[in-house]
file entry.pdb (PDB, C-alpha atoms, pLDDT in the B column)
ATOM      1  CA  MET A 111     126.346 105.944  67.099  1.00 45.00           C
ATOM      2  CA  ILE A 112     124.874 106.458  70.588  1.00 45.00           C
ATOM      3  CA  ASN A 113     121.431 107.995  70.875  1.00 45.00           C
ATOM      4  CA  LYS A 114     121.811 111.214  72.932  1.00 44.00           C
ATOM      5  CA  GLY A 115     118.274 110.865  74.299  1.00 42.00           C
ATOM      6  CA  LEU A 116     119.065 107.439  75.766  1.00 35.00           C
ATOM      7  CA  VAL A 117     122.298 108.721  77.317  1.00 35.00           C
ATOM      8  CA  ILE A 118     120.472 111.650  78.923  1.00 35.00           C
ATOM      9  CA  LEU A 119     117.721 109.334  80.204  1.00 34.00           C
ATOM     10  CA  PHE A 120     120.370 106.993  81.651  1.00 33.00           C
ATOM     11  CA  PHE A 121     122.041 109.839  83.568  1.00 33.00           C
ATOM     12  CA  ILE A 122     118.693 111.081  84.872  1.00 32.00           C
ATOM     13  CA  LEU A 123     117.783 107.611  86.131  1.00 35.00           C
ATOM     14  CA  ALA A 124     121.289 106.894  87.418  1.00 35.00           C
ATOM     15  CA  GLY A 125     121.669 110.278  89.088  1.00 36.00           C
ATOM     16  CA  PRO A 126     122.049 110.638  92.861  1.00 36.00           C
ATOM     17  CA  PHE A 127     119.067 108.395  93.547  1.00 34.00           C
ATOM     18  CA  GLY A 128     119.049 106.114  90.492  1.00 33.00           C
ATOM     19  CA  PHE A 129     121.097 103.240  91.899  1.00 31.00           C
ATOM     20  CA  ALA A 130     119.678 103.437  95.406  1.00 35.00           C
ATOM     21  CA  PHE A 131     116.189 102.079  94.689  1.00 36.00           C
ATOM     22  CA  GLN A 132     115.096  99.398  97.099  1.00 41.00           C
ATOM     23  CA  LYS A 133     112.846  96.441  96.458  1.00 50.00           C
ATOM     24  CA  ASP A 134     109.690  98.416  97.253  1.00 50.00           C
ATOM     25  CA  GLY A 135     110.195 100.100  93.896  1.00 51.00           C
ATOM     26  CA  ALA A 136     109.685 103.800  94.422  1.00 53.00           C
ATOM     27  CA  ASP A 137     112.030 104.148  97.364  1.00 48.00           C
ATOM     28  CA  PHE A 138     115.292 106.028  97.015  1.00 75.00           C
ATOM     29  CA  ASN A 139     118.088 105.688  99.548  1.00 92.00           C
ATOM     30  CA  ARG A 140     115.824 105.262 102.570  1.00 95.00           C
ATOM     31  CA  PRO A 141     118.623 105.304 105.193  1.00 95.00           C
ATOM     32  CA  GLU A 142     119.845 108.674 103.893  1.00 95.00           C
ATOM     33  CA  VAL A 143     116.315 110.085 103.714  1.00 95.00           C
ATOM     34  CA  ILE A 144     115.699 108.940 107.297  1.00 96.00           C
ATOM     35  CA  LYS A 145     118.955 110.466 108.517  1.00 95.00           C
ATOM     36  CA  LYS A 146     118.040 113.832 106.967  1.00 92.00           C
ATOM     37  CA  TYR A 147     114.444 113.616 108.191  1.00 94.00           C
ATOM     38  CA  LEU A 148     115.460 112.819 111.764  1.00 95.00           C
ATOM     39  CA  SER A 149     118.046 115.605 111.764  1.00 92.00           C
ATOM     40  CA  GLU A 150     115.141 118.003 111.231  1.00 90.00           C
ATOM     41  CA  PHE A 151     112.253 116.422 113.106  1.00 92.00           C
ATOM     42  CA  CYS A 152     113.707 114.395 115.972  1.00 93.00           C
ATOM     43  CA  PHE A 153     114.925 115.586 119.375  1.00 90.00           C
ATOM     44  CA  TYR A 154     116.931 112.384 119.890  1.00 91.00           C
ATOM     45  CA  GLN A 155     120.412 111.960 118.452  1.00 89.00           C
ATOM     46  CA  ASP A 156     122.398 108.947 117.351  1.00 87.00           C
ATOM     47  CA  PRO A 157     123.603 106.750 119.168  1.00 88.00           C
ATOM     48  CA  SER A 158     120.726 106.813 121.705  1.00 92.00           C
ATOM     49  CA  LEU A 159     118.517 103.703 121.843  1.00 94.00           C
ATOM     50  CA  THR A 160     115.446 105.825 121.198  1.00 95.00           C
ATOM     51  CA  TYR A 161     116.986 107.337 118.056  1.00 96.00           C
ATOM     52  CA  GLN A 162     118.006 103.841 116.918  1.00 96.00           C
ATOM     53  CA  ALA A 163     114.471 102.543 117.520  1.00 97.00           C
ATOM     54  CA  ILE A 164     112.861 105.395 115.555  1.00 97.00           C
ATOM     55  CA  LYS A 165     115.306 104.857 112.689  1.00 98.00           C
ATOM     56  CA  ASP A 166     114.711 101.077 112.682  1.00 97.00           C
ATOM     57  CA  VAL A 167     110.923 101.481 112.583  1.00 98.00           C
ATOM     58  CA  LEU A 168     111.161 103.937 109.676  1.00 98.00           C
ATOM     59  CA  LEU A 169     113.476 101.525 107.845  1.00 97.00           C
ATOM     60  CA  ARG A 170     111.186  98.526 108.277  1.00 97.00           C
ATOM     61  CA  MET A 171     107.703  99.962 107.827  1.00 97.00           C
ATOM     62  CA  PRO A 172     105.971  99.573 104.438  1.00 97.00           C
ATOM     63  CA  TYR A 173     106.944 102.187 101.866  1.00 95.00           C
ATOM     64  CA  LYS A 174     103.457 103.716 101.558  1.00 96.00           C
ATOM     65  CA  ASP A 175     103.233 104.214 105.324  1.00 97.00           C
ATOM     66  CA  PHE A 176     106.822 105.513 105.429  1.00 97.00           C
ATOM     67  CA  LEU A 177     105.834 108.208 102.902  1.00 95.00           C
ATOM     68  CA  ASN A 178     102.809 109.086 105.037  1.00 96.00           C
ATOM     69  CA  VAL A 179     104.744 109.668 108.254  1.00 96.00           C
ATOM     70  CA  THR A 180     107.677 111.483 106.596  1.00 96.00           C
ATOM     71  CA  ASN A 181     105.517 113.804 104.504  1.00 94.00           C
ATOM     72  CA  ARG A 182     106.918 117.313 105.053  1.00 92.00           C
ATOM     73  CA  GLN A 183     103.450 118.820 104.650  1.00 93.00           C
ATOM     74  CA  ARG A 184     102.356 116.868 107.739  1.00 95.00           C
ATOM     75  CA  PRO A 185     105.511 115.533 109.407  1.00 95.00           C
ATOM     76  CA  VAL A 186     105.846 113.476 112.549  1.00 96.00           C
ATOM     77  CA  LEU A 187     107.980 115.248 115.148  1.00 94.00           C
ATOM     78  CA  PHE A 188     109.669 113.127 117.804  1.00 94.00           C
ATOM     79  CA  THR A 189     110.306 114.735 121.175  1.00 91.00           C
ATOM     80  CA  GLU A 190     110.713 113.724 124.801  1.00 88.00           C
ATOM     81  CA  PHE A 191     108.667 114.342 127.892  1.00 83.00           C
ATOM     82  CA  TYR A 192     109.814 114.097 131.470  1.00 79.00           C
ATOM     83  CA  LEU A 193     108.232 112.421 134.466  1.00 77.00           C
ATOM     84  CA  GLU A 194     110.622 113.678 137.124  1.00 75.00           C
ATOM     85  CA  GLY A 195     112.646 116.708 138.103  1.00 74.00           C
ATOM     86  CA  THR A 196     111.413 120.216 137.385  1.00 72.00           C
ATOM     87  CA  ALA A 197     110.985 119.313 133.703  1.00 67.00           C
ATOM     88  CA  ARG A 198     107.962 117.191 134.692  1.00 68.00           C
ATOM     89  CA  PHE A 199     106.084 120.480 135.044  1.00 75.00           C
ATOM     90  CA  ALA A 200     107.172 122.006 131.743  1.00 76.00           C
ATOM     91  CA  SER A 201     109.937 121.803 129.160  1.00 72.00           C
ATOM     92  CA  SER A 202     110.560 123.063 125.650  1.00 75.00           C
ATOM     93  CA  THR A 203     111.945 121.564 122.505  1.00 72.00           C
ATOM     94  CA  GLU A 204     112.893 123.654 119.487  1.00 75.00           C
ATOM     95  CA  PHE A 205     112.674 122.304 115.946  1.00 73.00           C
ATOM     96  CA  ILE A 206     114.806 124.613 113.839  1.00 75.00           C
ATOM     97  CA  VAL A 207     114.107 125.131 110.152  1.00 74.00           C
ATOM     98  CA  THR A 208     116.856 126.687 108.057  1.00 79.00           C
ATOM     99  CA  LYS A 209     116.394 128.872 104.970  1.00 85.00           C
ATOM    100  CA  ASP A 210     117.508 125.928 102.805  1.00 85.00           C
ATOM    101  CA  ASP A 211     114.867 123.534 104.164  1.00 81.00           C
ATOM    102  CA  PRO A 212     111.743 123.060 102.058  1.00 84.00           C
ATOM    103  CA  PRO A 213     108.522 124.308 103.659  1.00 87.00           C
ATOM    104  CA  CYS A 214     106.781 122.015 106.110  1.00 88.00           C
ATOM    105  CA  CYS A 215     103.660 121.601 108.201  1.00 90.00           C
ATOM    106  CA  GLN A 216     101.133 123.048 105.719  1.00 91.00           C
ATOM    107  CA  GLU A 217      98.712 120.290 106.781  1.00 93.00           C
ATOM    108  CA  GLY A 218      99.709 120.266 110.457  1.00 91.00           C
ATOM    109  CA  PHE A 219     101.983 117.772 112.175  1.00 93.00           C
ATOM    110  CA  THR A 220     101.928 114.827 114.537  1.00 93.00           C
ATOM    111  CA  LEU A 221     103.850 115.215 117.781  1.00 93.00           C
ATOM    112  CA  VAL A 222     105.102 111.911 119.193  1.00 94.00           C
ATOM    113  CA  LYS A 223     106.100 112.485 122.836  1.00 92.00           C
ATOM    114  CA  LEU A 224     108.345 109.706 124.046  1.00 92.00           C
ATOM    115  CA  GLY A 225     108.731 109.362 127.803  1.00 89.00           C
ATOM    116  CA  MET A 226     112.102 109.274 129.459  1.00 86.00           C
ATOM    117  CA  SER A 227     111.006 105.982 131.033  1.00 87.00           C
ATOM    118  CA  LEU A 228     111.820 104.332 127.708  1.00 91.00           C
ATOM    119  CA  GLY A 229     115.342 104.409 129.135  1.00 88.00           C
ATOM    120  CA  LEU A 230     114.360 101.267 131.072  1.00 90.00           C
ATOM    121  CA  ALA A 231     114.936  99.339 127.841  1.00 93.00           C
ATOM    122  CA  LYS A 232     118.378  97.834 127.385  1.00 95.00           C
ATOM    123  CA  THR A 233     117.835  97.179 123.660  1.00 95.00           C
ATOM    124  CA  PRO A 234     115.965  99.097 120.938  1.00 96.00           C
ATOM    125  CA  GLY A 235     113.292  96.363 120.531  1.00 96.00           C
ATOM    126  CA  PRO A 236     110.773  97.453 123.186  1.00 96.00           C
ATOM    127  CA  ILE A 237     111.170 101.101 122.145  1.00 96.00           C
ATOM    128  CA  GLU A 238     110.549 100.079 118.529  1.00 97.00           C
ATOM    129  CA  GLY A 239     107.268  98.538 119.664  1.00 96.00           C
ATOM    130  CA  VAL A 240     106.221 101.838 121.248  1.00 95.00           C
ATOM    131  CA  VAL A 241     107.365 103.975 118.295  1.00 97.00           C
ATOM    132  CA  ALA A 242     105.688 101.679 115.754  1.00 97.00           C
ATOM    133  CA  HIS A 243     102.455 101.822 117.784  1.00 95.00           C
ATOM    134  CA  GLU A 244     102.464 105.640 117.812  1.00 95.00           C
ATOM    135  CA  LEU A 245     103.244 105.808 114.088  1.00 97.00           C
ATOM    136  CA  ALA A 246     100.405 103.345 113.446  1.00 97.00           C
ATOM    137  CA  HIS A 247      98.012 105.833 115.065  1.00 95.00           C
ATOM    138  CA  ARG A 248      99.240 108.422 112.546  1.00 96.00           C
ATOM    139  CA  VAL A 249      98.847 106.064 109.574  1.00 97.00           C
ATOM    140  CA  LEU A 250      95.345 105.132 110.764  1.00 96.00           C
ATOM    141  CA  ASP A 251      94.539 108.822 111.430  1.00 94.00           C
ATOM    142  CA  SER A 252      93.131 107.797 114.811  1.00 90.00           C
ATOM    143  CA  ILE A 253      93.118 111.283 116.325  1.00 88.00           C
ATOM    144  CA  ARG A 254      91.925 113.135 113.213  1.00 90.00           C
ATOM    145  CA  LYS A 255      89.034 110.689 112.911  1.00 91.00           C
ATOM    146  CA  GLY A 256      88.191 111.063 116.606  1.00 87.00           C
ATOM    147  CA  ASN A 257      89.047 107.416 117.327  1.00 84.00           C
ATOM    148  CA  VAL A 258      90.600 107.816 120.749  1.00 84.00           C
ATOM    149  CA  ASN A 259      89.382 104.631 122.408  1.00 87.00           C
ATOM    150  CA  CYS A 260      90.246 100.996 123.003  1.00 88.00           C
ATOM    151  CA  ASP A 261      89.347 100.083 119.405  1.00 91.00           C
ATOM    152  CA  ALA A 262      91.948 102.579 118.152  1.00 92.00           C
ATOM    153  CA  GLU A 263      94.568 100.976 120.429  1.00 91.00           C
ATOM    154  CA  ARG A 264      93.712  97.501 119.132  1.00 92.00           C
ATOM    155  CA  SER A 265      93.810  98.741 115.524  1.00 95.00           C
ATOM    156  CA  ALA A 266      97.263 100.296 116.041  1.00 95.00           C
ATOM    157  CA  ASN A 267      98.501  97.066 117.634  1.00 94.00           C
ATOM    158  CA  ALA A 268      97.117  94.992 114.751  1.00 96.00           C
ATOM    159  CA  LEU A 269      98.807  97.255 112.193  1.00 97.00           C
ATOM    160  CA  ILE A 270     102.256  97.032 113.780  1.00 97.00           C
ATOM    161  CA  ARG A 271     101.965  93.257 113.863  1.00 97.00           C
ATOM    162  CA  LYS A 272     101.107  93.381 110.146  1.00 97.00           C
ATOM    163  CA  TRP A 273     104.216  95.532 109.613  1.00 98.00           C
ATOM    164  CA  GLY A 274     106.317  92.777 111.225  1.00 97.00           C
ATOM    165  CA  PHE A 275     106.790  94.223 114.726  1.00 97.00           C
ATOM    166  CA  LYS A 276     105.200  91.291 116.592  1.00 97.00           C
ATOM    167  CA  LYS A 277     108.330  90.562 118.667  1.00 97.00           C
ATOM    168  CA  GLU A 278     108.893  94.250 119.477  1.00 97.00           C
ATOM    169  CA  PHE A 279     105.219  94.661 120.423  1.00 95.00           C
ATOM    170  CA  LYS A 280     105.500  91.747 122.844  1.00 95.00           C
ATOM    171  CA  GLU A 281     108.728  93.153 124.357  1.00 95.00           C
ATOM    172  CA  ALA A 282     107.128  96.610 124.746  1.00 94.00           C
ATOM    173  CA  SER A 283     104.027  95.111 126.353  1.00 91.00           C
ATOM    174  CA  GLN A 284     106.114  93.162 128.853  1.00 91.00           C
ATOM    175  CA  LEU A 285     108.381  96.074 129.775  1.00 92.00           C
ATOM    176  CA  PHE A 286     106.119  99.118 129.469  1.00 87.00           C
ATOM    177  CA  GLY A 287     102.578  97.733 129.293  1.00 81.00           C
ATOM    178  CA  GLN A 288     100.035  98.925 131.777  1.00 71.00           C
ATOM    179  CA  LYS A 289      98.456  96.465 134.112  1.00 67.00           C
ATOM    180  CA  LYS A 290      94.728  96.082 134.599  1.00 68.00           C
ATOM    181  CA  GLY A 291      93.509  98.747 136.978  1.00 66.00           C
ATOM    182  CA  ASP A 292      96.184 101.318 136.102  1.00 69.00           C
ATOM    183  CA  PRO A 293      94.455 104.689 135.809  1.00 63.00           C
ATOM    184  CA  ALA A 294      95.479 105.307 132.182  1.00 58.00           C
ATOM    185  CA  ALA A 295      95.040 101.739 130.965  1.00 59.00           C
ATOM    186  CA  CYS A 296      92.583 101.101 128.159  1.00 65.00           C
ATOM    187  CA  GLN A 297      89.901  99.173 129.993  1.00 56.00           C
ATOM    188  CA  GLU A 298      86.878  97.558 128.417  1.00 48.00           C
ATOM    189  CA  LEU A 299      83.496  98.351 129.898  1.00 44.00           C
ATOM    190  CA  SER A 300      81.874  95.481 131.677  1.00 37.00           C
ATOM    191  CA  ARG A 301      79.285  93.659 129.535  1.00 38.00           C
ATOM    192  CA  HIS A 302      76.628  94.096 132.188  1.00 36.00           C
ATOM    193  CA  LEU A 303      76.743  97.902 132.064  1.00 37.00           C
ATOM    194  CA  ALA A 304      73.669  99.370 130.433  1.00 38.00           C
ATOM    195  CA  TYR A 305      73.937 102.317 128.071  1.00 35.00           C
ATOM    196  CA  PRO A 306      71.322 105.089 128.425  1.00 36.00           C
TER     197      PRO A 306
END
call {"tool": "encode", "arguments": {"input": "entry.pdb", "output": "C-alpha cells"}}
result
Amino acid sequence: MINKGLVILFFILAGPFGFAFQKDGADFNRPEVIKKYLSEFCFYQDPSLTYQAIKDVLLRMPYKDFLNVTNRQRPVLFTEFYLEGTARFASSTEFIVTKDDPPCCQEGFTLVKLGMSLGLAKTPGPIEGVVAHELAHRVLDSIRKGNVNCDAERSANALIRKWGFKKEFKEASQLFGQKKGDPAACQELSRHLAYP
C-alpha cells in the first residue's frame, strides 16, 4: 500500500519547479526565471547583444547574488541612454506592470543605464563585463553605502573576477575602458598631495 503523504510530498517536490533544480541547490529553472524577469525589467529584447549579455551574467553569477539583483522588492531595471541625436538630451522608458504581476519596488530599485556605445561590441563578452560590473555595485551596495569612489570601482572589479568574469572584464576594459586623463576616469590622487 502506498503512503498518501509520501505521494503528496512527491508531487509537491516534483511540481513545476521540482525537477528544474540546479547544482546551487535552491535554484529553480533559472533560465525561465530570467526570461520572465527581463520581460518585466529590461528595455532590451532578445536577440540583441545587450540582452544576451544581461541574460548570460544573470545565468552565471552566484545564486545568492542572483537572488539579490532579481529581488522584486528592490529589482534592477535595465534601460538605455543615448549619447547622440535628440535623445541625448532626454528620453523616456516605460516599465509596465500588469495586474497579474506581484508587487515590486517596496525597497526601491537600481537603475542600470547602458549606453548605446555598447553597440561597438561585436560579441556579448565585453558587454557582459560592463553588466557584471554594474551588478557588482548593486551586490556590494556601493551607492547605498555612499561608496562612490575609486575603491568602490576596484571592489566591483574584484567581485566580477571572483564570479568568473575575468575574460569579459579584460575585453570590456580594452574596448570601453577609459584612458588616463579622461574626464570621467577614476583617477588616484597623487601621493604628494597633502590633505587639510
call {"tool": "residues_around", "arguments": {"input": "entry.pdb", "residues": "Glu204 in chain A", "least_positions_apart": "4", "cutoff": "10 Å", "atoms": "all atoms listed in the file", "output": "list in words"}}
result
Phe151, Cys152, Phe153 and Thr189 of chain A
call {"tool": "atom_distance", "arguments": {"input": "entry.pdb", "atom1": "CA of Glu150 in chain A", "atom2": "CA of Gly235 in chain A"}}
result
23.6 Å
call {"tool": "atom_distance", "arguments": {"input": "entry.pdb", "atom1": "CA of Phe191 in chain A", "atom2": "CA of Arg140 in chain A"}}
result
27.8 Å
call {"tool": "resolve_selection", "arguments": {"input": "entry.pdb", "expression": "the PyMOL selection byres ((chain A and resi 217) around 6)", "output": "PyMOL selection string"}}
result
chain A and resi 183-184+215-216+218
call {"tool": "write_last_selection", "arguments": {"input": "entry.pdb", "atoms": "C-alpha atoms", "output": "compact mmCIF listing (two decimals), in the frame of the given file"}}
result
# COMPACT_ATOMS: atom_id res chain seq x y z
CA GLN A 183 103.45 118.82 104.65
CA ARG A 184 102.36 116.87 107.74
CA CYS A 215 103.66 121.60 108.20
CA GLN A 216 101.13 123.05 105.72
CA GLY A 218 99.71 120.27 110.46
call {"tool": "closest_residue", "arguments": {"input": "entry.pdb", "among": "A:Pro172, A:Asn139, A:Thr160, A:Cys214", "to": "Thr233 in chain A", "atoms": "all atoms listed in the file"}}
result
A:Thr160
call {"tool": "closest_residue", "arguments": {"input": "entry.pdb", "among": "A:Ile144, A:Leu159, A:Ala242, A:Ile164", "to": "Leu228 in chain A", "atoms": "all atoms listed in the file"}}
result
A:Leu159
call {"tool": "resolve_selection", "arguments": {"input": "entry.pdb", "expression": "the PyMOL selection byres ((chain A and resi 273-287) around 8)", "output": "list in words"}}
result
Arg170, Met171, Pro172, Leu228, Ala231, Gly235, Pro236, Ile237, Glu238, Gly239, Val240, Ala242, Asn267, Leu269, Ile270, Arg271, Lys272, Gln288 and Lys289 of chain A
call {"tool": "write_last_selection", "arguments": {"input": "entry.pdb", "atoms": "C-alpha atoms", "output": "compact mmCIF listing (two decimals), in the coordinates of the input"}}
result
# COMPACT_ATOMS: atom_id res chain seq x y z
CA ARG A 170 111.19 98.53 108.28
CA MET A 171 107.70 99.96 107.83
CA PRO A 172 105.97 99.57 104.44
CA LEU A 228 111.82 104.33 127.71
CA ALA A 231 114.94 99.34 127.84
CA GLY A 235 113.29 96.36 120.53
CA PRO A 236 110.77 97.45 123.19
CA ILE A 237 111.17 101.10 122.14
CA GLU A 238 110.55 100.08 118.53
CA GLY A 239 107.27 98.54 119.66
CA VAL A 240 106.22 101.84 121.25
CA ALA A 242 105.69 101.68 115.75
CA ASN A 267 98.50 97.07 117.63
CA LEU A 269 98.81 97.26 112.19
CA ILE A 270 102.26 97.03 113.78
CA ARG A 271 101.96 93.26 113.86
CA LYS A 272 101.11 93.38 110.15
CA GLN A 288 100.04 98.92 131.78
CA LYS A 289 98.46 96.46 134.11
call {"tool": "resolve_selection", "arguments": {"input": "entry.pdb", "expression": "the PyMOL selection byres ((chain A and resi 202) around 12)", "output": "PDB file with C-alpha atoms, keeping the file's coordinate frame"}}
result
ATOM      1  CA  PHE A 153     114.925 115.586 119.375  1.00 90.00           C
ATOM      2  CA  THR A 189     110.306 114.735 121.175  1.00 91.00           C
ATOM      3  CA  GLU A 190     110.713 113.724 124.801  1.00 88.00           C
ATOM      4  CA  PHE A 191     108.667 114.342 127.892  1.00 83.00           C
ATOM      5  CA  TYR A 192     109.814 114.097 131.470  1.00 79.00           C
ATOM      6  CA  ALA A 197     110.985 119.313 133.703  1.00 67.00           C
ATOM      7  CA  ARG A 198     107.962 117.191 134.692  1.00 68.00           C
ATOM      8  CA  PHE A 199     106.084 120.480 135.044  1.00 75.00           C
ATOM      9  CA  ALA A 200     107.172 122.006 131.743  1.00 76.00           C
ATOM     10  CA  SER A 201     109.937 121.803 129.160  1.00 72.00           C
ATOM     11  CA  THR A 203     111.945 121.564 122.505  1.00 72.00           C
ATOM     12  CA  GLU A 204     112.893 123.654 119.487  1.00 75.00           C
ATOM     13  CA  PHE A 205     112.674 122.304 115.946  1.00 73.00           C
ATOM     14  CA  LYS A 223     106.100 112.485 122.836  1.00 92.00           C
TER      15      LYS A 223
END
call {"tool": "residues_near_point", "arguments": {"input": "entry.pdb", "point": "(116.2, 116.2, 109.8)", "cutoff": "12 Å", "atoms": "only C-alpha atoms", "output": "tab-separated table (two decimals) with C-alpha atoms, keeping the file's coordinate frame"}}
result
chain	number	residue	atom	x	y	z
A	142	GLU	CA	119.84	108.67	103.89
A	143	VAL	CA	116.32	110.08	103.71
A	144	ILE	CA	115.70	108.94	107.30
A	145	LYS	CA	118.96	110.47	108.52
A	146	LYS	CA	118.04	113.83	106.97
A	147	TYR	CA	114.44	113.62	108.19
A	148	LEU	CA	115.46	112.82	111.76
A	149	SER	CA	118.05	115.60	111.76
A	150	GLU	CA	115.14	118.00	111.23
A	151	PHE	CA	112.25	116.42	113.11
A	152	CYS	CA	113.71	114.40	115.97
A	153	PHE	CA	114.92	115.59	119.38
A	154	TYR	CA	116.93	112.38	119.89
A	155	GLN	CA	120.41	111.96	118.45
A	165	LYS	CA	115.31	104.86	112.69
A	180	THR	CA	107.68	111.48	106.60
A	182	ARG	CA	106.92	117.31	105.05
A	185	PRO	CA	105.51	115.53	109.41
A	186	VAL	CA	105.85	113.48	112.55
A	187	LEU	CA	107.98	115.25	115.15
A	188	PHE	CA	109.67	113.13	117.80
A	205	PHE	CA	112.67	122.30	115.95
A	206	ILE	CA	114.81	124.61	113.84
A	207	VAL	CA	114.11	125.13	110.15
A	208	THR	CA	116.86	126.69	108.06
A	211	ASP	CA	114.87	123.53	104.16
A	212	PRO	CA	111.74	123.06	102.06
A	214	CYS	CA	106.78	122.02	106.11
call {"tool": "closest_residue", "arguments": {"input": "entry.pdb", "among": "A:Phe219, A:Ala266, A:Gly229, A:Phe138", "to": "Leu169 in chain A", "atoms": "only C-alpha atoms"}}
result
A:Phe138
call {"tool": "atom_distance", "arguments": {"input": "entry.pdb", "atom1": "CA of Ser265 in chain A", "atom2": "CA of Asp251 in chain A"}}
result
10.9 Å
call {"tool": "closest_residue", "arguments": {"input": "entry.pdb", "among": "A:Lys209, A:Phe176, A:Leu250, A:Leu224", "to": "Ala163 in chain A", "atoms": "all atoms listed in the file"}}
result
A:Leu224
call {"tool": "closest_residue", "arguments": {"input": "entry.pdb", "among": "A:Glu194, A:Asp210, A:Asp166, A:Glu244", "to": "Val179 in chain A", "atoms": "only C-alpha atoms"}}
result
A:Glu244
call {"tool": "closest_residue", "arguments": {"input": "entry.pdb", "among": "A:Ile253, A:Val241, A:Pro234, A:Met226", "to": "Gly195 in chain A", "atoms": "only C-alpha atoms"}}
result
A:Met226
